[in-house]
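Undergrad: Just dropping this structure here.
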Amino acid sequence: MSRRRRSPTLQTARPFFRAASAWPAAAVLGLLLCLVVAGPELWGAAALKTSIMRSGEGPSADFLLGTDRLGRDLLARTVTASRLSLGLALAATAIAGVLGVSLGITIAFATPRLQAAGLRLIEVLLGFPGILLAIFVTAIIGPGVESSVLAIGIAFSPEFARLASTLALSVGGRDYIAAARVLGVGRVRLLRRHVLPNIAETLTIAVFSTTGAALIAISSLSFLGLGVQPPRFDWGRMLVEGVESFYATPIAALAPATMIATTGLALGFFGEALARAMNPLLWSSADASEADRESGNAAGVTTAARPDLTLSDGTPPLLDVDGLTVTFPAPRGDVVAVDNIDFRLAEREIVGIVGESGSGKTQTALAISRLVSYPGRVAARRLTLAGRDLLAADARALDRFLGTRLALVFQDPMSSLNPALSIGTQVAEPAVVHQRMRRDAALLRAGERMGEVHIPRPEDRLAQYPHEFSGGMQQRAMIAMGLMNDPALIVADEPTTALDVTIQAQVIEVLREINRRHRTAILLISHNIGVIAGICSRVLVMYAGRIVEDVSLATLLVGPAHPYTRALMASVPDVAADREQPLQTIAGQPPDPGRLPQGCVFAPRCDLVRARCRTDAPPLVALAPRHRVACWVAHEPAP
Amino acid sequence: MASTRWGRAAALALRRAAASLASVLAALMLACFLLVHLVPGDPALRVAGLDATPEDVANVRHTLGLDLPLSQQFVNYVTGIARLDFGKSFVTREPVVQVIADRLPKTLELATAAMLLVMGASLPLGMVAAALTHDDRNRFFDVAFTAATSAMSALPNFLSATFLAFFFAVWLRWLPAAGAIEWSSVILPAVAVGLRPLAELARIVRVEMLNALAQDYVRTARGKRVPQWLIYLRHVLPNVLTGALTIGGLLFAGLIAGTVVVENVFAWPGLGTALVQGILARDYPVVQGITLLLGFAVVTVNTSVDAALTFLDPRAVKR
């Protein structure tokens, strides 16, 4: 047991001292410890020596902090009082810990009915502020040092009781405790060997924060005259005496006040740093912040001009993406999520983007909708929707344009809808915001749009909240929301992934209907070839941030050219597949977006790799009309 | 249709809250009743005085009803409370209900001023801090905000009260240091009581808001190109408010405790000063009465917060 417990302690030491507050807190506590140990021996006599001749003096060479009303050295008194102040706080914490942990563990091991009553009791007591409970207890046992320590011990015990019962209950539910019980291990032994060691770390953290709180509580009681009584003195008692001569010598009050505040803060910060060190999860965001961050606008954009291009049939493209790159700054060089991709979308076209997770599909969608979050950066030679430059600087005009011409559907409809707002409010909002439509008119239209996506009795459901909708209905509501302003393009990022298979088909059918009725183009992003094949006429295959193949659905199904696309298609089970043969998988892992290989990104996993693939990245060029491939091998003349 | 389901669930939550409130209040009354009996020494002796004869003490014991069986005394105590009879002060012989009636308005004045300060300042503070620092922007402001609020929330009431009195009353002489004579007297005590909950709530509002800003539904709102201020007020605030009000309500209990301490620093003539004087003078009926009242306030506030949550969070109804 002891050997196993050492390693987490070592692991926690490093993160602990990485907390900005840990070092000063540890230093202050170390210094205090010295004062507690040596203070009364060195300064105890000076602290009690009165000299009426020199009462109420300010700071001087003789008395660094001056003297109090009886001419006693304030510095000596402040230092000497540290032992009593901290001692009382520790004593109160010990009482609170012993009382609370016993109570908590008793509750954890009690019968269910007693357990419920006990937990409720703790909850009610926790609702009472500690200092108020302590005042009540001193009311019963009378003012004084011992009673105030006991009072605070009792008042702070519910905190420990809750902690201990929660922890013991969670530990008690684990398999090894159940196993120990089955083996007939007795309760006391179970407690000592299995439960206490597992909750010790958390209780240690609680001890630090509680000692800080107890110090302040005892000082408060002393300050109210209910705690330490003269001639004994702690910081709280000194503060009372100091406040009496506040006008003449404010330092007499400020010195103990500062000590209480500093010690309380140090104990609190120390406990907090300890807690952070023990829970590595709390560190992830702070770690990221250590990285040097490039300054600049959120998702800053750079553009370069390029002559206008039209589609092969002479019409201008609805969506024109050229040289789109999305990068995220990281400590070891930028992470390139989307790497210089280009593609175009005609009006009414339904195009799919397919690829593994991490291939840059979602960042492509977010970049097109100008939603890449800080500190990501979007750059492109050209990014236009319906002829309008999406990289333009005029944010307000762009917002209105995108708010009316572009609709978004996200993966998880439950979390994409606001739980605190009614469905009607959310669906109607685009019309209210961008068309200045009155709320009742917008709600009327919201009802119509919801009917259009086959939400039954839409007018009844406007007032409902997202949690009252099923997943499929939520996604329909999201689509209805996108239809409020007659968009030219719907970008749907994994719209069916979170849904049941039968619901998936229905949602895809809704999208297809919209495409027919409103002539809305759709960019559908999915890792699921089956979903893509059900609706798209053309497919972009992405791998490691690049488009490796741009292919019509028909060609994709019969003869894709890129080795990655082929492998992807071979890994899709279909009815015709020979069930005796195992499903194919692609050997190896997708590359780390922070360390892309030189040359073709797929080369490390490719069966057909050539020497050239490892040095030069293949461009995405036409293999046939309406078929582009980024692969040296595919463009080789057939043997 | 939806509203009746909602109404039924709300009624159920209210009934549950009322039942729990009743049981806690019963326990509170028992504790306050026992207060006098747990105290070492004979209360009758205390009332009669040190030079009283045994007959005098027996007389006092009889008039106070202390010679009755304990259960009978408890019944008398509870029926007394129902008639707003909390007994008489041992020291001044004044009815305790009169003491409370004199002091309660001042404490309410202080608590209300402090609560207004806390709610009025912490919501905007926390929201602005979150708006400025989300996605790890403005690291410096982030650190400064966290340091300032943790220092403020670690500072105990009586210390901030002392510092405030020193700075604004003694040094700058802007505000009165003690008593409740002018309208401006309430400012320093209210700040002293409110500072700590204010800092805590501002921190919580910021964290809740940062959480909300990272949610998918905010991305949906940004996708709809809803103006930034509307994202904060319509899409984020309702989701932050539930958590903020819960904590705010729980902080209110701490605020009641804060008034007890701070009143004594500023010689504010409220319940807190009366309570501490009562304890020091061993004036048990006064202590008992005020304890019951403060406990009642804490329990009621905590239960109302639980109940209020049901109305604020549409998801809570489902459970």
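Residues in the structure tokens are numbered from 1 in each chain, the chains being A, B, ... in the order shown, and ligands are numbered from 1 in the order shown.
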What residues in chain A lie within 6 Å of chain B, counting only C-alpha atoms, written as an MDAnalysis selection string?
TA: chainID A and resid 129 132 139:140 261 265 399 403 415:418
Undergrad: Based on the backbone DSSP call, show me all residues of region 110-271 of chain B assigned helix (DSSP H, G or I), as a VMD selection string.
TA: chain B and resid 110 to 136 139 to 154 157 to 171 183 to 213 216 to 223 228 to 265 271
Undergrad: When DSSP is applied to the backbone of this structure, which of region 543-638 of chain A are assigned strand (DSSP E or B)? Write them out as a PDB file with all heavy atoms, in the first residue's frame.
TA:
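Wrote it out as out-v4.pdb, contents follow:
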ATOM      1  N   TYR A 543      -7.867  14.489 -46.029  1.00  0.00           N
ATOM      2  CA  TYR A 543      -6.953  13.712 -45.196  1.00  0.00           C
ATOM      3  C   TYR A 543      -5.887  14.661 -44.662  1.00  0.00           C
ATOM      4  O   TYR A 543      -5.243  15.375 -45.441  1.00  0.00           O
ATOM      5  CB  TYR A 543      -6.308  12.582 -46.010  1.00  0.00           C
ATOM      6  CG  TYR A 543      -5.396  11.698 -45.179  1.00  0.00           C
ATOM      7  CD1 TYR A 543      -5.936  10.711 -44.352  1.00  0.00           C
ATOM      8  CD2 TYR A 543      -4.022  11.874 -45.178  1.00  0.00           C
ATOM      9  CE1 TYR A 543      -5.124   9.927 -43.568  1.00  0.00           C
ATOM     10  CE2 TYR A 543      -3.197  11.092 -44.400  1.00  0.00           C
ATOM     11  CZ  TYR A 543      -3.752  10.109 -43.590  1.00  0.00           C
ATOM     12  OH  TYR A 543      -2.950   9.336 -42.811  1.00  0.00           O
ATOM     13  N   ARG A 546      -5.850  18.265 -45.924  1.00  0.00           N
ATOM     14  CA  ARG A 546      -5.817  18.526 -47.370  1.00  0.00           C
ATOM     15  C   ARG A 546      -6.946  17.774 -48.063  1.00  0.00           C
ATOM     16  O   ARG A 546      -7.399  16.734 -47.574  1.00  0.00           O
ATOM     17  CB  ARG A 546      -4.492  18.064 -47.965  1.00  0.00           C
ATOM     18  CG  ARG A 546      -3.323  18.828 -47.385  1.00  0.00           C
ATOM     19  CD  ARG A 546      -2.031  18.358 -47.986  1.00  0.00           C
ATOM     20  NE  ARG A 546      -0.935  18.833 -47.146  1.00  0.00           N
ATOM     21  CZ  ARG A 546       0.334  18.470 -47.310  1.00  0.00           C
ATOM     22  NH1 ARG A 546       0.652  17.634 -48.253  1.00  0.00           N
ATOM     23  NH2 ARG A 546       1.259  18.948 -46.515  1.00  0.00           N
ATOM     24  N   ILE A 547      -7.370  18.294 -49.221  1.00  0.00           N
ATOM     25  CA  ILE A 547      -8.308  17.535 -50.051  1.00  0.00           C
ATOM     26  C   ILE A 547      -7.463  16.612 -50.910  1.00  0.00           C
ATOM     27  O   ILE A 547      -6.586  17.068 -51.645  1.00  0.00           O
ATOM     28  CB  ILE A 547      -9.145  18.467 -50.947  1.00  0.00           C
ATOM     29  CG1 ILE A 547     -10.032  19.364 -50.074  1.00  0.00           C
ATOM     30  CG2 ILE A 547     -10.009  17.654 -51.902  1.00  0.00           C
ATOM     31  CD1 ILE A 547     -10.867  20.345 -50.863  1.00  0.00           C
ATOM     32  N   VAL A 548      -7.674  15.292 -50.811  1.00  0.00           N
ATOM     33  CA  VAL A 548      -6.874  14.367 -51.605  1.00  0.00           C
ATOM     34  C   VAL A 548      -7.612  13.930 -52.870  1.00  0.00           C
ATOM     35  O   VAL A 548      -6.994  13.493 -53.824  1.00  0.00           O
ATOM     36  CB  VAL A 548      -6.424  13.136 -50.784  1.00  0.00           C
ATOM     37  CG1 VAL A 548      -5.460  13.559 -49.693  1.00  0.00           C
ATOM     38  CG2 VAL A 548      -7.608  12.385 -50.239  1.00  0.00           C
ATOM     39  N   GLU A 549      -8.943  14.050 -52.830  1.00  0.00           N
ATOM     40  CA  GLU A 549      -9.686  13.684 -54.032  1.00  0.00           C
ATOM     41  C   GLU A 549     -11.000  14.454 -54.078  1.00  0.00           C
ATOM     42  O   GLU A 549     -11.668  14.635 -53.055  1.00  0.00           O
ATOM     43  CB  GLU A 549      -9.952  12.166 -54.070  1.00  0.00           C
ATOM     44  CG  GLU A 549     -10.564  11.703 -55.388  1.00  0.00           C
ATOM     45  CD  GLU A 549     -10.344  10.214 -55.630  1.00  0.00           C
ATOM     46  OE1 GLU A 549      -9.827   9.531 -54.724  1.00  0.00           O
ATOM     47  OE2 GLU A 549     -10.684   9.741 -56.733  1.00  0.00           O
ATOM     48  N   ASP A 550     -11.346  14.929 -55.266  1.00  0.00           N
ATOM     49  CA  ASP A 550     -12.596  15.648 -55.512  1.00  0.00           C
ATOM     50  C   ASP A 550     -13.288  14.881 -56.618  1.00  0.00           C
ATOM     51  O   ASP A 550     -12.850  14.906 -57.763  1.00  0.00           O
ATOM     52  CB  ASP A 550     -12.266  17.085 -55.941  1.00  0.00           C
ATOM     53  CG  ASP A 550     -13.499  17.858 -56.389  1.00  0.00           C
ATOM     54  OD1 ASP A 550     -14.611  17.287 -56.369  1.00  0.00           O
ATOM     55  OD2 ASP A 550     -13.352  19.037 -56.744  1.00  0.00           O
ATOM     56  N   VAL A 551     -14.360  14.139 -56.284  1.00  0.00           N
ATOM     57  CA  VAL A 551     -14.844  13.120 -57.192  1.00  0.00           C
ATOM     58  C   VAL A 551     -16.368  13.069 -57.175  1.00  0.00           C
ATOM     59  O   VAL A 551     -17.003  13.340 -56.155  1.00  0.00           O
ATOM     60  CB  VAL A 551     -14.231  11.742 -56.815  1.00  0.00           C
ATOM     61  CG1 VAL A 551     -14.540  11.399 -55.377  1.00  0.00           C
ATOM     62  CG2 VAL A 551     -14.653  10.635 -57.732  1.00  0.00           C
ATOM     63  N   SER A 552     -16.985  12.749 -58.336  1.00  0.00           N
ATOM     64  CA  SER A 552     -18.440  12.612 -58.374  1.00  0.00           C
ATOM     65  C   SER A 552     -18.831  11.333 -57.627  1.00  0.00           C
ATOM     66  O   SER A 552     -18.021  10.411 -57.487  1.00  0.00           O
ATOM     67  CB  SER A 552     -18.936  12.524 -59.820  1.00  0.00           C
ATOM     68  OG  SER A 552     -18.511  11.292 -60.372  1.00  0.00           O
ATOM     69  N   VAL A 621      -4.917  17.947 -58.877  1.00  0.00           N
ATOM     70  CA  VAL A 621      -5.131  18.328 -60.275  1.00  0.00           C
ATOM     71  C   VAL A 621      -6.079  17.346 -60.962  1.00  0.00           C
ATOM     72  O   VAL A 621      -6.287  16.230 -60.481  1.00  0.00           O
ATOM     73  CB  VAL A 621      -3.799  18.361 -61.060  1.00  0.00           C
ATOM     74  CG1 VAL A 621      -2.971  19.566 -60.654  1.00  0.00           C
ATOM     75  CG2 VAL A 621      -3.032  17.073 -60.848  1.00  0.00           C
ATOM     76  N   ALA A 622      -6.624  17.797 -62.111  1.00  0.00           N
ATOM     77  CA  ALA A 622      -7.647  17.019 -62.807  1.00  0.00           C
ATOM     78  C   ALA A 622      -7.071  15.727 -63.368  1.00  0.00           C
ATOM     79  O   ALA A 622      -6.018  15.711 -63.993  1.00  0.00           O
ATOM     80  CB  ALA A 622      -8.260  17.861 -63.917  1.00  0.00           C
ATOM     81  N   LEU A 623      -7.785  14.645 -63.126  1.00  0.00           N
ATOM     82  CA  LEU A 623      -7.432  13.352 -63.703  1.00  0.00           C
ATOM     83  C   LEU A 623      -8.333  13.111 -64.913  1.00  0.00           C
ATOM     84  O   LEU A 623      -7.939  12.541 -65.907  1.00  0.00           O
ATOM     85  CB  LEU A 623      -7.651  12.256 -62.656  1.00  0.00           C
ATOM     86  CG  LEU A 623      -7.272  10.839 -63.029  1.00  0.00           C
ATOM     87  CD1 LEU A 623      -5.763  10.717 -63.167  1.00  0.00           C
ATOM     88  CD2 LEU A 623      -7.773   9.867 -61.963  1.00  0.00           C
ATOM     89  N   ALA A 624      -9.577  13.578 -64.769  1.00  0.00           N
ATOM     90  CA  ALA A 624     -10.592  13.488 -65.807  1.00  0.00           C
ATOM     91  C   ALA A 624     -11.502  14.683 -65.571  1.00  0.00           C
ATOM     92  O   ALA A 624     -11.356  15.362 -64.564  1.00  0.00           O
ATOM     93  CB  ALA A 624     -11.369  12.178 -65.653  1.00  0.00           C
ATOM     94  N   HIS A 627     -13.070  15.420 -61.982  1.00  0.00           N
ATOM     95  CA  HIS A 627     -12.405  14.469 -61.088  1.00  0.00           C
ATOM     96  C   HIS A 627     -10.976  14.948 -60.831  1.00  0.00           C
ATOM     97  O   HIS A 627     -10.145  14.946 -61.722  1.00  0.00           O
ATOM     98  CB  HIS A 627     -12.414  13.065 -61.714  1.00  0.00           C
ATOM     99  CG  HIS A 627     -11.939  11.999 -60.763  1.00  0.00           C
ATOM    100  ND1 HIS A 627     -11.764  10.688 -61.128  1.00  0.00           N
ATOM    101  CD2 HIS A 627     -11.606  12.054 -59.440  1.00  0.00           C
ATOM    102  CE1 HIS A 627     -11.325   9.985 -60.091  1.00  0.00           C
ATOM    103  NE2 HIS A 627     -11.235  10.798 -59.056  1.00  0.00           N
ATOM    104  N   ARG A 628     -10.690  15.381 -59.602  1.00  0.00           N
ATOM    105  CA  ARG A 628      -9.348  15.854 -59.258  1.00  0.00           C
ATOM    106  C   ARG A 628      -8.759  14.922 -58.199  1.00  0.00           C
ATOM    107  O   ARG A 628      -9.451  14.483 -57.282  1.00  0.00           O
ATOM    108  CB  ARG A 628      -9.397  17.278 -58.693  1.00  0.00           C
ATOM    109  CG  ARG A 628      -9.872  18.320 -59.704  1.00  0.00           C
ATOM    110  CD  ARG A 628      -9.783  19.712 -59.137  1.00  0.00           C
ATOM    111  NE  ARG A 628     -10.636  19.880 -57.958  1.00  0.00           N
ATOM    112  CZ  ARG A 628     -10.493  20.862 -57.056  1.00  0.00           C
ATOM    113  NH1 ARG A 628      -9.497  21.724 -57.181  1.00  0.00           N
ATOM    114  NH2 ARG A 628     -11.300  20.955 -56.039  1.00  0.00           N
ATOM    115  N   VAL A 629      -7.467  14.649 -58.339  1.00  0.00           N
ATOM    116  CA  VAL A 629      -6.794  13.763 -57.386  1.00  0.00           C
ATOM    117  C   VAL A 629      -5.426  14.348 -57.036  1.00  0.00           C
ATOM    118  O   VAL A 629      -4.733  14.875 -57.906  1.00  0.00           O
ATOM    119  CB  VAL A 629      -6.579  12.351 -57.981  1.00  0.00           C
ATOM    120  CG1 VAL A 629      -5.975  11.421 -56.926  1.00  0.00           C
ATOM    121  CG2 VAL A 629      -7.868  11.775 -58.492  1.00  0.00           C
TER     122      VAL A 629
END
Undergrad: Quote the spacing between CA of Pro413 (chain A) and CA of Ile514 (chain A) in Å to one decimal place.
TA: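 About the pair CA of Pro413 (chain A) and CA of Ile514 (chain A): they are 18.6 Å apart.
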